[in-house]
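Participant: Contents are compact mmCIF, N, CA and C atoms; file name my_file_32.txt:
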```
# COMPACT_ATOMS: atom_id res chain seq x y z
N MET A 1069 103.67 101.71 113.78
CA MET A 1069 103.25 102.68 112.78
C MET A 1069 104.48 103.33 112.17
N ASN A 1070 104.49 103.42 110.87
CA ASN A 1070 105.60 104.01 110.15
C ASN A 1070 105.40 105.53 110.09
N ILE A 1071 106.27 106.27 110.73
CA ILE A 1071 106.13 107.72 110.82
C ILE A 1071 106.27 108.39 109.48
N SER A 1072 107.13 107.88 108.62
CA SER A 1072 107.39 108.54 107.35
C SER A 1072 106.49 108.04 106.22
N ALA A 1073 105.44 107.31 106.57
CA ALA A 1073 104.55 106.78 105.54
C ALA A 1073 103.74 107.89 104.90
N VAL A 1074 103.55 107.77 103.60
CA VAL A 1074 102.74 108.71 102.85
C VAL A 1074 101.33 108.17 102.83
N PRO A 1075 100.30 109.01 102.99
CA PRO A 1075 98.93 108.52 103.01
C PRO A 1075 98.62 107.71 101.75
N SER A 1076 97.91 106.59 101.95
CA SER A 1076 97.63 105.72 100.82
C SER A 1076 96.36 106.10 100.09
N ASN A 1077 95.67 107.13 100.51
CA ASN A 1077 94.42 107.51 99.86
C ASN A 1077 94.61 108.53 98.75
N ILE A 1078 95.82 108.72 98.27
CA ILE A 1078 96.10 109.66 97.19
C ILE A 1078 95.81 108.93 95.88
N PRO A 1079 94.94 109.50 95.02
CA PRO A 1079 94.58 108.81 93.78
C PRO A 1079 95.70 108.85 92.74
N ASN A 1080 95.64 107.92 91.80
CA ASN A 1080 96.54 107.85 90.65
C ASN A 1080 98.00 107.67 91.02
N MET A 1081 98.28 106.91 92.07
CA MET A 1081 99.67 106.68 92.45
C MET A 1081 100.04 105.26 92.05
N THR A 1082 101.01 105.12 91.17
CA THR A 1082 101.43 103.80 90.75
C THR A 1082 102.81 103.46 91.29
N ALA A 1083 103.65 104.44 91.51
CA ALA A 1083 105.00 104.21 92.01
C ALA A 1083 105.13 104.82 93.39
N PRO A 1084 106.01 104.26 94.23
CA PRO A 1084 106.21 104.88 95.53
C PRO A 1084 106.78 106.28 95.37
N LEU A 1085 106.34 107.18 96.24
CA LEU A 1085 106.77 108.57 96.14
C LEU A 1085 108.15 108.73 96.75
N THR A 1086 109.09 109.09 95.92
CA THR A 1086 110.44 109.39 96.39
C THR A 1086 110.97 110.55 95.59
N MET A 1087 112.03 111.15 96.07
CA MET A 1087 112.64 112.26 95.35
C MET A 1087 113.21 111.78 94.02
N ARG A 1088 113.54 110.48 93.90
CA ARG A 1088 114.11 109.97 92.66
C ARG A 1088 113.11 110.00 91.52
N ASN A 1089 111.79 110.01 91.82
CA ASN A 1089 110.78 110.06 90.77
C ASN A 1089 110.88 111.33 89.96
N PHE A 1090 111.42 112.39 90.52
CA PHE A 1090 111.52 113.67 89.83
C PHE A 1090 112.85 113.86 89.12
N GLN A 1091 113.78 112.95 89.31
CA GLN A 1091 115.11 113.10 88.72
C GLN A 1091 115.08 113.22 87.20
N PRO A 1092 114.32 112.40 86.46
CA PRO A 1092 114.32 112.55 85.00
C PRO A 1092 113.81 113.92 84.55
N ASP A 1093 112.80 114.45 85.24
CA ASP A 1093 112.28 115.76 84.88
C ASP A 1093 113.32 116.85 85.10
N LEU A 1094 114.03 116.78 86.22
CA LEU A 1094 115.05 117.78 86.51
C LEU A 1094 116.20 117.69 85.52
N GLU A 1095 116.62 116.46 85.17
CA GLU A 1095 117.71 116.30 84.22
C GLU A 1095 117.33 116.83 82.84
N ARG A 1096 116.09 116.58 82.42
CA ARG A 1096 115.64 117.06 81.11
C ARG A 1096 115.63 118.58 81.08
N THR A 1097 115.14 119.20 82.15
CA THR A 1097 115.11 120.66 82.22
C THR A 1097 116.52 121.23 82.22
N ASN A 1098 117.43 120.62 82.98
CA ASN A 1098 118.80 121.12 83.04
C ASN A 1098 119.51 120.97 81.70
N SER A 1099 119.26 119.87 80.98
CA SER A 1099 119.93 119.68 79.69
C SER A 1099 119.43 120.71 78.68
N LEU A 1100 118.15 121.08 78.74
CA LEU A 1100 117.63 122.12 77.85
C LEU A 1100 118.26 123.47 78.16
N LYS A 1101 118.41 123.77 79.44
CA LYS A 1101 119.00 125.05 79.83
C LYS A 1101 120.46 125.12 79.43
N GLU A 1102 121.19 124.00 79.62
CA GLU A 1102 122.60 123.98 79.25
C GLU A 1102 122.77 124.17 77.75
N ALA A 1103 121.82 123.66 76.97
CA ALA A 1103 121.89 123.84 75.52
C ALA A 1103 121.50 125.25 75.11
N GLY A 1104 120.92 126.01 76.03
CA GLY A 1104 120.54 127.39 75.74
C GLY A 1104 119.14 127.53 75.19
N PHE A 1105 118.33 126.49 75.32
CA PHE A 1105 116.98 126.55 74.78
C PHE A 1105 115.97 126.18 75.85
N SER A 1106 114.81 126.80 75.77
CA SER A 1106 113.70 126.40 76.62
C SER A 1106 112.90 125.36 75.88
N ALA A 1107 111.83 124.87 76.47
CA ALA A 1107 111.02 123.82 75.85
C ALA A 1107 110.40 124.29 74.54
N GLY A 1108 110.17 125.58 74.37
CA GLY A 1108 109.57 126.11 73.16
C GLY A 1108 110.57 126.30 72.03
N GLY A 1109 111.84 126.12 72.27
CA GLY A 1109 112.84 126.25 71.23
C GLY A 1109 113.38 127.66 71.08
N THR A 1110 113.09 128.54 72.00
CA THR A 1110 113.60 129.90 71.92
C THR A 1110 114.81 130.04 72.82
N GLN A 1111 115.59 131.05 72.58
CA GLN A 1111 116.80 131.29 73.35
C GLN A 1111 116.44 131.73 74.76
N VAL A 1112 117.06 131.13 75.76
CA VAL A 1112 116.83 131.50 77.16
C VAL A 1112 117.78 132.63 77.51
N GLY A 1113 117.26 133.72 78.05
CA GLY A 1113 118.11 134.83 78.43
C GLY A 1113 117.79 135.31 79.83
N GLY A 1114 118.78 135.57 80.61
CA GLY A 1114 118.57 136.10 81.95
C GLY A 1114 118.22 135.02 82.96
N PRO A 1115 117.92 135.47 84.18
CA PRO A 1115 117.62 134.53 85.25
C PRO A 1115 116.27 133.86 85.02
N ASP A 1116 116.09 132.71 85.62
CA ASP A 1116 114.86 131.94 85.51
C ASP A 1116 114.17 131.94 86.88
N PRO A 1117 113.29 132.91 87.15
CA PRO A 1117 112.70 132.99 88.48
C PRO A 1117 111.81 131.80 88.82
N PHE A 1118 111.09 131.26 87.84
CA PHE A 1118 110.24 130.10 88.12
C PHE A 1118 111.08 128.88 88.45
N GLY A 1119 112.13 128.67 87.67
CA GLY A 1119 113.01 127.53 87.92
C GLY A 1119 113.70 127.61 89.27
N SER A 1120 114.15 128.81 89.62
CA SER A 1120 114.81 128.95 90.93
C SER A 1120 113.82 128.79 92.07
N MET A 1121 112.58 129.24 91.85
CA MET A 1121 111.54 129.06 92.88
C MET A 1121 111.24 127.57 93.06
N MET A 1122 111.13 126.83 91.96
CA MET A 1122 110.85 125.40 92.04
C MET A 1122 112.02 124.65 92.68
N LYS A 1123 113.24 125.07 92.34
CA LYS A 1123 114.42 124.43 92.94
C LYS A 1123 114.43 124.64 94.45
N LYS A 1124 114.09 125.86 94.89
CA LYS A 1124 114.03 126.15 96.32
C LYS A 1124 112.94 125.31 96.98
N PHE A 1125 111.80 125.18 96.31
CA PHE A 1125 110.70 124.40 96.85
C PHE A 1125 111.10 122.93 97.02
N VAL A 1126 111.75 122.36 96.01
CA VAL A 1126 112.20 120.96 96.09
C VAL A 1126 113.23 120.80 97.20
N THR A 1127 114.12 121.77 97.32
CA THR A 1127 115.14 121.73 98.38
C THR A 1127 114.49 121.79 99.76
N ASP A 1128 113.47 122.64 99.92
CA ASP A 1128 112.76 122.73 101.19
C ASP A 1128 112.06 121.42 101.54
N VAL A 1129 111.42 120.81 100.54
CA VAL A 1129 110.73 119.54 100.78
C VAL A 1129 111.74 118.46 101.15
N ASP A 1130 112.87 118.44 100.47
CA ASP A 1130 113.92 117.48 100.79
C ASP A 1130 114.42 117.68 102.22
N GLY A 1131 114.58 118.93 102.62
CA GLY A 1131 115.00 119.23 103.99
C GLY A 1131 114.00 118.74 105.02
N LYS A 1132 112.71 118.92 104.72
CA LYS A 1132 111.67 118.44 105.64
C LYS A 1132 111.70 116.92 105.74
N MET A 1133 111.95 116.25 104.62
CA MET A 1133 112.01 114.78 104.64
C MET A 1133 113.21 114.29 105.45
N LYS A 1134 114.34 114.98 105.30
CA LYS A 1134 115.53 114.60 106.07
C LYS A 1134 115.32 114.85 107.57
N THR A 1135 114.68 115.97 107.90
CA THR A 1135 114.39 116.27 109.30
C THR A 1135 113.47 115.21 109.89
N SER A 1136 112.47 114.82 109.11
CA SER A 1136 111.53 113.79 109.56
C SER A 1136 112.25 112.48 109.83
N ALA A 1137 113.14 112.09 108.91
CA ALA A 1137 113.88 110.84 109.09
C ALA A 1137 114.79 110.91 110.32
N THR A 1138 115.41 112.06 110.53
CA THR A 1138 116.29 112.24 111.69
C THR A 1138 115.50 112.13 112.99
N GLU A 1139 114.35 112.80 113.04
CA GLU A 1139 113.51 112.74 114.25
C GLU A 1139 113.02 111.32 114.50
N LYS A 1140 112.63 110.63 113.43
CA LYS A 1140 112.15 109.25 113.58
C LYS A 1140 113.26 108.36 114.11
N ASN A 1141 114.46 108.52 113.57
CA ASN A 1141 115.59 107.70 114.02
C ASN A 1141 115.95 107.98 115.47
N LYS A 1142 115.84 109.24 115.90
CA LYS A 1142 116.12 109.58 117.30
C LYS A 1142 115.13 108.89 118.23
N VAL A 1143 113.85 108.88 117.84
CA VAL A 1143 112.84 108.23 118.68
C VAL A 1143 113.06 106.72 118.70
N LEU A 1144 113.33 106.13 117.55
CA LEU A 1144 113.52 104.68 117.48
C LEU A 1144 114.77 104.21 118.22
N SER A 1145 115.80 105.04 118.24
CA SER A 1145 117.02 104.64 118.95
C SER A 1145 116.96 104.95 120.44
N GLY A 1146 115.92 105.66 120.87
CA GLY A 1146 115.78 105.99 122.28
C GLY A 1146 116.54 107.24 122.67
N GLU A 1147 117.13 107.91 121.71
CA GLU A 1147 117.89 109.13 121.97
C GLU A 1147 116.96 110.28 122.39
N ALA A 1148 115.75 110.30 121.83
CA ALA A 1148 114.79 111.34 122.16
C ALA A 1148 113.48 110.69 122.59
N THR A 1149 112.76 111.36 123.48
CA THR A 1149 111.49 110.82 123.95
C THR A 1149 110.30 111.65 123.47
N ASN A 1150 110.55 112.64 122.64
CA ASN A 1150 109.46 113.48 122.17
C ASN A 1150 108.85 112.92 120.89
N LEU A 1151 107.99 111.93 121.05
CA LEU A 1151 107.33 111.28 119.93
C LEU A 1151 106.46 112.25 119.15
N HIS A 1152 105.85 113.19 119.87
CA HIS A 1152 104.97 114.15 119.20
C HIS A 1152 105.75 115.00 118.18
N GLN A 1153 106.99 115.34 118.50
CA GLN A 1153 107.80 116.13 117.58
C GLN A 1153 108.13 115.33 116.32
N ALA A 1154 108.41 114.05 116.50
CA ALA A 1154 108.70 113.19 115.35
C ALA A 1154 107.47 113.01 114.48
N MET A 1155 106.31 112.87 115.10
CA MET A 1155 105.06 112.72 114.35
C MET A 1155 104.74 113.99 113.57
N ILE A 1156 104.93 115.12 114.20
CA ILE A 1156 104.66 116.40 113.52
C ILE A 1156 105.60 116.57 112.32
N ALA A 1157 106.88 116.25 112.51
CA ALA A 1157 107.84 116.36 111.41
C ALA A 1157 107.49 115.40 110.28
N GLY A 1158 107.03 114.20 110.62
CA GLY A 1158 106.64 113.23 109.61
C GLY A 1158 105.43 113.70 108.81
N GLN A 1159 104.44 114.23 109.49
CA GLN A 1159 103.25 114.73 108.80
C GLN A 1159 103.56 115.96 107.96
N GLU A 1160 104.42 116.81 108.49
CA GLU A 1160 104.83 118.01 107.76
C GLU A 1160 105.52 117.64 106.44
N SER A 1161 106.43 116.69 106.51
CA SER A 1161 107.12 116.27 105.29
C SER A 1161 106.17 115.56 104.34
N SER A 1162 105.24 114.80 104.86
CA SER A 1162 104.26 114.11 104.02
C SER A 1162 103.38 115.10 103.27
N VAL A 1163 102.90 116.11 103.96
CA VAL A 1163 102.04 117.11 103.33
C VAL A 1163 102.83 117.91 102.30
N ALA A 1164 104.05 118.29 102.62
CA ALA A 1164 104.87 119.05 101.68
C ALA A 1164 105.17 118.23 100.43
N PHE A 1165 105.47 116.95 100.60
CA PHE A 1165 105.77 116.10 99.46
C PHE A 1165 104.53 115.89 98.60
N THR A 1166 103.39 115.68 99.24
CA THR A 1166 102.14 115.52 98.49
C THR A 1166 101.82 116.78 97.70
N LEU A 1167 102.04 117.94 98.30
CA LEU A 1167 101.83 119.20 97.59
C LEU A 1167 102.75 119.30 96.38
N MET A 1168 104.01 118.91 96.54
CA MET A 1168 104.95 118.97 95.44
C MET A 1168 104.53 118.03 94.31
N VAL A 1169 104.06 116.83 94.65
CA VAL A 1169 103.61 115.88 93.64
C VAL A 1169 102.41 116.43 92.89
N GLU A 1170 101.46 117.00 93.61
CA GLU A 1170 100.27 117.56 92.97
C GLU A 1170 100.62 118.75 92.09
N LEU A 1171 101.55 119.57 92.54
CA LEU A 1171 102.00 120.71 91.73
C LEU A 1171 102.65 120.22 90.44
N ARG A 1172 103.48 119.21 90.54
CA ARG A 1172 104.11 118.64 89.36
C ARG A 1172 103.05 118.08 88.41
N ASN A 1173 102.07 117.36 88.95
CA ASN A 1173 101.02 116.79 88.11
C ASN A 1173 100.24 117.87 87.39
N LYS A 1174 99.93 118.96 88.07
CA LYS A 1174 99.21 120.06 87.44
C LYS A 1174 100.04 120.72 86.35
N LEU A 1175 101.33 120.89 86.60
CA LEU A 1175 102.20 121.48 85.59
C LEU A 1175 102.30 120.60 84.35
N VAL A 1176 102.43 119.30 84.54
CA VAL A 1176 102.51 118.38 83.42
C VAL A 1176 101.18 118.37 82.66
N GLU A 1177 100.08 118.37 83.39
CA GLU A 1177 98.77 118.40 82.76
C GLU A 1177 98.58 119.69 81.94
N SER A 1178 99.01 120.81 82.48
CA SER A 1178 98.90 122.09 81.76
C SER A 1178 99.77 122.08 80.51
N TYR A 1179 100.97 121.55 80.62
CA TYR A 1179 101.86 121.47 79.47
C TYR A 1179 101.25 120.59 78.38
N GLN A 1180 100.69 119.44 78.77
CA GLN A 1180 100.07 118.56 77.79
C GLN A 1180 98.87 119.21 77.12
N GLU A 1181 98.11 119.96 77.87
CA GLU A 1181 96.96 120.67 77.30
C GLU A 1181 97.42 121.73 76.30
N LEU A 1182 98.50 122.44 76.61
CA LEU A 1182 99.04 123.42 75.68
C LEU A 1182 99.55 122.75 74.40
N MET A 1183 100.14 121.59 74.54
CA MET A 1183 100.64 120.88 73.35
C MET A 1183 99.49 120.37 72.47
N ARG A 1184 98.34 120.08 73.06
CA ARG A 1184 97.19 119.63 72.29
C ARG A 1184 96.45 120.79 71.61
N ALA A 1185 96.69 122.00 72.06
CA ALA A 1185 95.98 123.17 71.50
C ALA A 1185 96.38 123.36 70.05
N GLN A 1186 95.39 123.66 69.23
CA GLN A 1186 95.66 123.91 67.82
C GLN A 1186 96.00 125.37 67.61
N VAL A 1187 97.00 125.59 66.80
CA VAL A 1187 97.46 126.96 66.57
C VAL A 1187 96.91 127.50 65.27
```
What do you get writing this file as structure tokens?
Facilitator:
Amino acid sequence: MNISAVPSNIPNMTAPLTMRNFQPDLERTNSLKEAGFSAGGTQVGGPDPFGSMMKKFVTDVDGKMKTSATEKNKVLSGEATNLHQAMIAGQESSVAFTLMVELRNKLVESYQELMRAQV
């Protein structure tokens, strides 16, 4: 059994879930901020609490995935015998990653709905 496997019963999944799937979104957001504009074309001023919250969330999920991989490798190499700890870490990272994917999907869906709205 693959400890780091993501559940296959998640609908609308066409690509394997990895942190690299979010790289284009992060680069696009960073390039807009560096240019001094938000997606609406207005000047960005001051701190971005939502962006920093999302960055922290992605960092936390990445940390959970790394912890899961470390625990799995310890069990597979025979260094550790606590399989339950590795399984818990794997499920924790899986749930956190699934939550992040769903949050991203909802944000994209909301953005698309706003773009379709007639002014």
Participant: Expressed in Å to a single decimal, how great is the separation between atom C of Val1129 (chain A) and atom N of Ala1164 (chain A)?
Facilitator: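 Going from atom C of Val1129 (chain A) over to atom N of Ala1164 (chain A), I get 7.8 Å.
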Participant: List the neighbours of Ile1156 (chain A) out to 12 Å using only C-alpha atoms; skip same-chain residues closer than 2 positions along the sequence, and give me the result as a list in words.
Facilitator: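 Everything that qualifies: Ile1071, Ser1072, Lys1132, Met1133, Thr1135, Ser1136, Ala1137, Glu1139, Lys1140, Asn1150, Leu1151, His1152, Gln1153, Ala1154, Gly1158, Gln1159, Glu1160, Ser1161, Ser1162 and Val1163 of chain A.
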Participant: So how far away is CA of Thr1138 (chain A) from CA of Val1126 (chain A), in Å?
Facilitator: 18.3 Å
Participant: With 4 Å added on each side, what axis-aligned box encloses every listed atom of region 1140-1159 of chain A? Give the centre and edge lengths in Å to one decimal, as JSON.
Facilitator:
```
{"center_x": 110.6, "center_y": 110.4, "center_z": 116.0, "size_x": 22.6, "size_y": 20.4, "size_z": 24.0}
```
Participant: Enter the distance from CA of Gly1146 (chain A) to CA of Lys1134 (chain A), in Å, rounded to one decimal.
Facilitator: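 So the answer is 18.4 Å.
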Participant: Counting all atoms listed in the file, figure out which residue out of A:Met1183, A:Ala1148, A:Phe1125, A:Asn1141 gets nearest to Met1168 (chain A).
Facilitator: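 Closest to Met1168 (chain A) of all the choices is A:Phe1125.
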